[in-house]
Structures are given as structure tokens and as C-alpha cells.
Amino acid sequence: PSDGAAPRYKPPATETNPALEDPTPDYMNLLGMVFSMCGLMLKLKWCAWIAVYCSFISFANSRSSEDTKQMMSSFMLSISAVVMSYLQNPQPMSPPW
Amino acid sequence: MPPATQSTQAAPLAAAAAGAERRARAGPKRRRRRVTQELGAEACAWSEGIHGTAGRPAAPSVKMKNLYIFIAVLFIPWSFSLAKYDEFEDGDDIMEYDDNDFAEFEDVNEDAVTESPQRIITTEDDEEEATVELEGQDENQEDFDDADAQEGDTESEPYDDEEFEGYEEKPDASPSKNKDPITIVNVPAHLQNSWESYYMEILMVTGLLAYIMNYIIGKNKNNRLAHAWFNTHRELLESNFALVGDDGTNKEATSTGKLNQENEHIYNLWCSGRVCCEGMLIQLKFLKRQDLLNVLARMMRPASDQVQIKVTMNDEDMDTYVFAVGTRKALVRLQKEMQDLSEFCSDKPKSGAKYGLPDSLAILSEMGEVTEGMMDTKMIHFLTHYADKIESVQFSDQFSGPKLMQEEGQLTKLPETKKTLLFTFNVPGSGNTSPKDMESLLPLMSMVIYSIDKAKKFRLNREGKQKADKNRARVEENFLKLTHVQRQEAAQSRREEKKRAEKERIMNEEDPEKQRRLEEAALRREQKKLEKKQMKMKQIKVKAM
């Protein structure tokens, strides 16, 4: 049962719409940016920390076709939000309870 | 608290004003601040460097991504530690500290509590109390001498009786002697200089580290499982297919012999070069072990890895039928989701007990003849033996994927169909898979190969073919009916647009004569159209009769 015909073409686009299949990385990216902007503008430390987490989660769930620049920029933004919050206000974060 | 930018400028000024001692102490801090700034500049330059190389079209490799994330992760603790050390540079309320803590309390009586961040004991100038204080302070000094070399170490706890050994009576006696109470104020957390007050931050960083650890471990496990699968199946695949492994980047069709990693949890393999089929795409869909959130979610809801195989058949190699077998739950779901199953297999999934299949499996079929033809001994043998691993098996000549969500008013043609065989297998272990479990899927691959040959051989008889053709014609008609309304509406709107455009032209015409003539022409055209329509209606009526 080896080939009687010539080898065929390459794989077609393996996913017609990867964005539809799993929107997690995109959502997390957006959420991360929103939280880091909140953290920067409103000087909320916990926002900045959540932004870091969001960008990590987005990275872990990302597809290989996704832009690394986008992810790096969201990551850098969240890190800068954390750093700026602490530079402006070196108090330790207080738990909400 | 003054904003960061102001304090950056204030710091050197304040240092100059305070005196030599202060300057000496502020020196290393200024250096550290400069380093922080340099760090920021470095990060900017680095990110610019990344954006600058945007022109390269090459797909980012997974390794590069990891490298970036590793470097970026280093920034967190470094910048954090630098930020921490700048703590005491801000603010105007910082007093000069000697190594002797006691020096802080020289002016303690006049100043308010907020000024002195250290443990404050407001007392009268009583000698005994002063000595007690001194003893207490010295003991405190000893306690914190081996702690961080920051000035002004404090105790967050209130007055501790144990420190005053041998002086138990005195502190008891003296308050009763003097009417003035000893008030000990709790130092606010942010003014204490200890790591303990930063426990939330430490928790956060620990969480991040845990996430990163899980990412690395999960990624490696998925990788190991994928390669275990491939190593077991490689021989069988290479004996059956000429081209094993292709990632679509090469111009020529050469076998890469490797899995194509799409994700940290999805691996693809394209095989082709076999007589009956155009090609076979195998997708190893692992669980997202690299994402900690997913891992935690899976603890509530167990799930298993899946292997999805999609074989595209040549047009001439497969007859026209739609058939599926699998777990009842899976079939119910597929019947709702898949375009072809919902249109051609109208009945609910039937039990396969008639053919000797276990109860867990059910059958969805276009017509009984197909089921009869498909369920031969070997197939039944496969299905019974590996029933726990089979999620669904679907043979369809009208396969077009899941039902598309169509928007209102959008004209669509019938979706493109392809003759396909789809197999979805569950890897045993339900999450806790080991490489052995991946290896146990090998017989299922033989089933796939057998099915390909079978699909080629199986032909419907005349009756079956007629039924199948009728079904397909019916489906097409239904579709046209649905879209007919939409097409009509589209044509109607187009006609209205034309009319409006003409009216506009007539209105804009300046010459009244021309206007009248154009209006008449438009009227005549409309009348003609009406007449045509009436004729058509009459013709349709005649045909219907």
C-alpha cells in the first residue's frame, strides 16, 4: 500500500479560523493591557500585579502564529505598571480584607 | 508622597542640603537610582530593537519566545529590589539617623508622633525610665543588628515584657508612680523597614514563579508525550505514506519526518502519498498543561488528551454516504454541531448492540444499508476492543465542518464539501497520561488505515445510491429555498437604488423640457417592467398547473 500516485501537496491552512477556536490569549492580552493602564493611572498596585499575571497567561496560551511583539509589549507594559506603582508609592500592598 | 519624578530631582538637592553624613548615605542610593533609570532606558532600547526588526517575515520560533520571557522575567526581581532601596530617599520627613537608635528620640517630646517612625515612648524625663528606655533600646538594637543594614530597624510588636529581664518591677512601679501613661503607638506598616510587611508582594512573586515552573514542566510533558506517540507510530506511517511530516514551508514536497508544533499543546502531522487518499492530517491535541489556570480547572473537571485524524479522500475513491459511530454523548453533540450530520442523519443515535458493539457506542447513519456495509467483522473487532479510546468516527462525503453562524441577510452558497474520514480518539489516563498511554494508540492507527481501504472498497447498491442522491437533492433544495428570500430582498434593494438614482438625476436636470422628457421615459420604463412581471407570473402559474 505504498504510493501509487505521486506525493501530494502540503497541508492546507490547518485551521481555518484559529481565532474562533480559542480566544483565551486575545482576551488575556486585552485584559492585561486594561489592568496595566488602570494600575498606572489609578496607582493601584493590585491592578498592576493582575496585569502581569494576565500577560503571563496570554503567553502560555498563545499560538505559534501569534505575534511575539504583541505579547512582549503587553508584558513590558504590565511590568512597567508594577514598577511605576512601587516607585510612586513604596508602601507594601494591603490586602483587600 | 511626592511623585517619582519630583523626588528624582529633590533627592540630590535634599542630599546637598542635609550635610556630609547624609550625602555619604545618599550616595549609593543615587547611584542605584541612576541604575534604575539606565535599566529603564535599556528596556526601551531593547524593545525598540525588537520592533526595529519587524521587517523579518520569519515565524518566531518557540525557543526565541522562551528566551525573551526569561530575560524579561529577570527584570522583575531586579527592578523590584532597586525600587525597594529607594524607599527612604523620598519625603521630607526623614530624619537623620545615627547608628544609635536612641538618637532619634532626642526631640521626641516636641514633635508629633508621625515624625518619628521608630517606636515612640512618650515619657517624662525620669531617670529610671530613661535607663529603662535605654536598656530596651539597646536590646532592640541587638535584636536587629544582624538584620538588614538599614537604619532604624524597628519592632512591629508592641512593648515586649521579655526584654526587660530584671526590670520587671520597675516598669510596673514607675507607671504607678507617675501619672503619665506610656503610650506605645503602632508603627504603620509602610514605615516599618522590614521585609515582612511586603508579604503580599512576596506572595505575588511566588505565584508568578509557580506559574513559570508549571509552564516549563507542562510544556516538557506535552513534548515528551508527543514524541512518544510519534516514535511508536513512525514506522506504520512511513510504510503507508510516502510523505510523512510537512510544515508547508518548503517549496518541494519533502518529508520532514518530524511533528509540527503549532502550540505548546497542539502538534500536527501531515501525511500523504497513498493510493486512496489525498492526505491525512493528524492533530495531537493535548491538555493545556503549560497553563496553571487550566491545570487547576482540570482538577474540577477531568478531561483527556485527544488525537484527531482527518483523512481527505479523493473524489473517485469514496461513495456518497454519511455515517458516524462513537460515544452517545459525542454523537449527540456532533449531530447538533456538524453541518452534514445534522442534515443527512435525522434520527437519534441508535445503539450498536445489534452488531455486537458495547453499550457505550452508538451509531448515526444516513441509511441502514450503510451501517450494514460498514459494520464488518474487522471493524466490529476494532470498535469493541478499543471502545474506551474511541470518541467518534465519522465517514462523510458531504463534510464541510461545523455549522457556520450565518449573519442576517448574508447570501451564502452551499459550503464546500469534501469527502473525509474523521477520527477522534481519547488518550487513556484522563489527564495523567504517560508515554505508555500514547503508545497504546497504535492499534487505532491500524484501524484508520483499514478504514481508508474499506471506504474505497465500499460501494452502495443501486437503491442505496438512489436514496443518497435524493437526500442530497433535497438538502440542496432546502438551502436554495432559504436563500431565495434573501436573494429576492437583495435584488429588490438593488432595484430601489436604481430608481432613486434616476429620480435624483431628473430632479437635478435644469432644463424643464428635458426634465419632463426624462420623467416620461422613466414612467414608460416602469410600465414595461410591470407588464413583464405580469407575464412571468402568468407563465409560472401555467407551469405549476
# chains A, B, ... in the order shown; residues from 1 in each chain; ligands from 1
>>> residues_around(residues="A:Val82", least_positions_apart="3", cutoff="12 Å", atoms="only C-alpha atoms", output="number ranges by chain")
A: 35-41, 43-53, 75-79, 85-90, 93; B: 75-77, 79-80, 83, 201, 204-205
>>> residues_around(residues="B:Ala303", least_positions_apart="2", cutoff="8 Å", atoms="only C-alpha atoms", output="ChimeraX atom specification")
/B:287,298,301,305,430-431
>>> atom_distance(atom1="atom CA of B:Leu331", atom2="atom CA of B:Ser365")
10.8 Å
>>> select_by_dssp(residues="stretch 358-506 of chain B", states="alpha helix (DSSP H)", output="PyMOL selection string")
chain B and resi 368-374+377-385+435-439+442-457+462-506
>>> atom_distance(atom1="atom CA of B:Gly207", atom2="atom CA of B:Asn222")
22.2 Å
>>> atom_distance(atom1="atom CA of B:Lys498", atom2="atom CA of B:Leu482")
25.8 Å
>>> residues_around(residues="B:Glu502", least_positions_apart="4", cutoff="12 Å", atoms="only C-alpha atoms", output="list in words")
Arg495, Glu496, Glu497, Lys498, Ile506, Met507, Asn508, Glu509, Gln515, Leu518, Glu519, Ala521, Ala522, Leu523, Arg525 and Glu526 of chain B
>>> residues_around(residues="B:Asp291", least_positions_apart="6", cutoff="8 Å", atoms="only C-alpha atoms", output="PDB file with N, CA and C atoms, in the first residue's frame")
ATOM      1  N   ILE A  57      -0.435  34.568  31.381  1.00  0.00           N
ATOM      2  CA  ILE A  57      -1.425  33.579  30.937  1.00  0.00           C
ATOM      3  C   ILE A  57      -1.605  33.673  29.432  1.00  0.00           C
ATOM      4  N   ALA A  60       1.228  31.900  27.800  1.00  0.00           N
ATOM      5  CA  ALA A  60       1.176  30.433  27.895  1.00  0.00           C
ATOM      6  C   ALA A  60       0.160  29.854  26.929  1.00  0.00           C
ATOM      7  N   ASN A  61      -0.919  30.582  26.667  1.00  0.00           N
ATOM      8  CA  ASN A  61      -1.965  30.047  25.806  1.00  0.00           C
ATOM      9  C   ASN A  61      -1.807  30.419  24.354  1.00  0.00           C
TER      10      ASN A  61
ATOM     11  N   TYR B 211       3.804  29.761  38.503  1.00  0.00           N
ATOM     12  CA  TYR B 211       3.238  29.698  37.162  1.00  0.00           C
ATOM     13  C   TYR B 211       4.296  29.354  36.134  1.00  0.00           C
ATOM     14  N   ASN B 214       5.309  25.752  36.404  1.00  0.00           N
ATOM     15  CA  ASN B 214       4.302  24.886  35.805  1.00  0.00           C
ATOM     16  C   ASN B 214       4.345  24.950  34.288  1.00  0.00           C
ATOM     17  N   TYR B 215       4.620  26.140  33.763  1.00  0.00           N
ATOM     18  CA  TYR B 215       4.707  26.283  32.319  1.00  0.00           C
ATOM     19  C   TYR B 215       5.796  25.390  31.757  1.00  0.00           C
ATOM     20  N   GLY B 218       4.871  21.633  32.264  1.00  0.00           N
ATOM     21  CA  GLY B 218       3.771  21.214  31.383  1.00  0.00           C
ATOM     22  C   GLY B 218       4.208  21.118  29.944  1.00  0.00           C
TER      23      GLY B 218
END
>>> closest_residue(among="B:Lys63, B:Lys529, B:Arg472, B:Lys419", to="chain A", atoms="only C-alpha atoms")
B:Lys63
>>> residues_around(residues="B:Asp347", least_positions_apart="2", cutoff="9 Å", atoms="only C-alpha atoms", output="PyMOL selection string")
chain B and resi 345+349-350+364-366
>>> closest_residue(among="A:Met71, A:Arg63, A:Ser80, A:Leu31", to="chain B", atoms="only C-alpha atoms")
A:Arg63
>>> residues_around(residues="stretch 308-319 of chain B", least_positions_apart="3", cutoff="7 Å", atoms="only C-alpha atoms", output="list in words")
Cys276, Cys277, Glu278, Gly279, Met280, Leu281, Ile282, Gln283, Leu284, Lys419, Thr420, Leu421, Leu422, Phe423, Thr424, Phe425, Ala455, Lys456, Arg459 and Leu460 of chain B
>>> decode(residues="stretch 420-454 of chain B", atoms="N, CA, C and O atoms", output="short mmCIF file (atom, residue, chain, number, x, y, z; two decimals), in the first residue's frame")
data_model
loop_
_atom_site.label_atom_id
_atom_site.label_comp_id
_atom_site.auth_asym_id
_atom_site.auth_seq_id
_atom_site.Cartn_x
_atom_site.Cartn_y
_atom_site.Cartn_z
N THR B 420 -14.46 13.11 3.49
CA THR B 420 -13.49 12.93 4.58
C THR B 420 -13.86 11.80 5.51
O THR B 420 -15.02 11.44 5.66
N LEU B 421 -12.82 11.29 6.15
CA LEU B 421 -13.00 10.37 7.27
C LEU B 421 -12.39 11.06 8.48
O LEU B 421 -11.24 11.49 8.45
N LEU B 422 -13.18 11.15 9.54
CA LEU B 422 -12.70 11.83 10.75
C LEU B 422 -12.67 10.86 11.90
O LEU B 422 -13.64 10.14 12.13
N PHE B 423 -11.57 10.89 12.62
CA PHE B 423 -11.47 10.02 13.79
C PHE B 423 -11.05 10.87 14.98
O PHE B 423 -10.13 11.67 14.88
N THR B 424 -11.73 10.68 16.10
CA THR B 424 -11.30 11.35 17.33
C THR B 424 -11.11 10.28 18.39
O THR B 424 -12.04 9.55 18.73
N PHE B 425 -9.88 10.20 18.88
CA PHE B 425 -9.57 9.21 19.90
C PHE B 425 -9.21 9.91 21.20
O PHE B 425 -8.52 10.92 21.20
N ASN B 426 -9.64 9.30 22.30
CA ASN B 426 -9.23 9.81 23.61
C ASN B 426 -8.05 9.02 24.11
O ASN B 426 -8.05 7.79 24.06
N VAL B 427 -7.06 9.73 24.61
CA VAL B 427 -5.90 9.03 25.16
C VAL B 427 -6.27 8.53 26.55
O VAL B 427 -6.79 9.30 27.36
N PRO B 428 -6.02 7.27 26.84
CA PRO B 428 -6.37 6.78 28.17
C PRO B 428 -5.54 7.45 29.25
O PRO B 428 -4.45 7.94 28.98
N GLY B 429 -6.08 7.49 30.44
CA GLY B 429 -5.34 8.13 31.53
C GLY B 429 -6.04 9.38 32.01
O GLY B 429 -5.73 9.88 33.07
N SER B 430 -6.95 9.87 31.22
CA SER B 430 -7.77 11.06 31.50
C SER B 430 -6.98 12.16 32.21
O SER B 430 -7.24 12.55 33.33
N GLY B 431 -5.96 12.63 31.54
CA GLY B 431 -5.19 13.73 32.10
C GLY B 431 -3.83 13.30 32.58
O GLY B 431 -2.82 13.90 32.27
N ASN B 432 -3.80 12.22 33.37
CA ASN B 432 -2.49 11.77 33.85
C ASN B 432 -1.90 10.78 32.85
O ASN B 432 -1.73 9.60 33.14
N THR B 433 -1.63 11.28 31.68
CA THR B 433 -1.12 10.37 30.65
C THR B 433 0.35 10.15 30.81
O THR B 433 1.10 11.03 31.24
N SER B 434 0.77 8.96 30.42
CA SER B 434 2.19 8.67 30.40
C SER B 434 2.53 8.26 28.97
O SER B 434 1.65 7.96 28.18
N PRO B 435 3.80 8.26 28.62
CA PRO B 435 4.18 7.86 27.27
C PRO B 435 3.63 6.49 26.87
O PRO B 435 3.30 6.26 25.71
N LYS B 436 3.46 5.60 27.86
CA LYS B 436 2.91 4.28 27.53
C LYS B 436 1.51 4.40 26.97
O LYS B 436 1.11 3.66 26.08
N ASP B 437 0.76 5.35 27.54
CA ASP B 437 -0.62 5.52 27.06
C ASP B 437 -0.62 5.97 25.61
O ASP B 437 -1.47 5.55 24.82
N MET B 438 0.31 6.81 25.26
CA MET B 438 0.39 7.26 23.87
C MET B 438 0.71 6.06 22.98
O MET B 438 0.22 5.95 21.86
N GLU B 439 1.54 5.19 23.47
CA GLU B 439 1.92 4.05 22.65
C GLU B 439 0.74 3.10 22.43
O GLU B 439 0.66 2.42 21.41
N SER B 440 -0.17 3.09 23.38
CA SER B 440 -1.28 2.15 23.25
C SER B 440 -2.26 2.56 22.17
O SER B 440 -3.22 1.86 21.91
N LEU B 441 -2.03 3.69 21.53
CA LEU B 441 -2.93 4.13 20.47
C LEU B 441 -2.56 3.53 19.13
O LEU B 441 -3.23 3.78 18.13
N LEU B 442 -1.49 2.77 19.08
CA LEU B 442 -1.02 2.25 17.80
C LEU B 442 -2.05 1.40 17.06
O LEU B 442 -2.25 1.60 15.86
N PRO B 443 -2.75 0.51 17.74
CA PRO B 443 -3.75 -0.28 17.01
C PRO B 443 -4.83 0.59 16.37
O PRO B 443 -5.40 0.23 15.34
N LEU B 444 -5.09 1.74 16.99
CA LEU B 444 -6.12 2.60 16.42
C LEU B 444 -5.67 3.16 15.08
O LEU B 444 -6.48 3.40 14.18
N MET B 445 -4.39 3.36 14.94
CA MET B 445 -3.89 3.84 13.66
C MET B 445 -4.09 2.76 12.60
O MET B 445 -4.41 3.07 11.44
N SER B 446 -3.93 1.52 12.99
CA SER B 446 -4.21 0.44 12.03
C SER B 446 -5.67 0.47 11.63
O SER B 446 -6.01 0.22 10.47
N MET B 447 -6.51 0.80 12.57
CA MET B 447 -7.95 0.90 12.25
C MET B 447 -8.18 2.00 11.23
O MET B 447 -8.99 1.84 10.31
N VAL B 448 -7.46 3.07 11.37
CA VAL B 448 -7.61 4.17 10.42
C VAL B 448 -7.22 3.72 9.03
O VAL B 448 -7.94 3.96 8.05
N ILE B 449 -6.09 3.07 8.95
CA ILE B 449 -5.61 2.61 7.64
C ILE B 449 -6.63 1.64 7.05
O ILE B 449 -6.97 1.71 5.85
N TYR B 450 -7.13 0.76 7.88
CA TYR B 450 -8.12 -0.20 7.40
C TYR B 450 -9.37 0.52 6.90
O TYR B 450 -9.95 0.14 5.88
N SER B 451 -9.78 1.55 7.62
CA SER B 451 -10.98 2.29 7.22
C SER B 451 -10.79 2.96 5.88
O SER B 451 -11.73 3.05 5.09
N ILE B 452 -9.59 3.46 5.65
CA ILE B 452 -9.35 4.11 4.37
C ILE B 452 -9.57 3.12 3.24
O ILE B 452 -10.29 3.40 2.26
N ASP B 453 -9.00 1.95 3.41
CA ASP B 453 -9.17 0.93 2.36
C ASP B 453 -10.62 0.52 2.23
O ASP B 453 -11.14 0.31 1.13
N LYS B 454 -11.27 0.42 3.36
CA LYS B 454 -12.67 -0.01 3.34
C LYS B 454 -13.54 1.01 2.64
O LYS B 454 -14.42 0.66 1.85
#
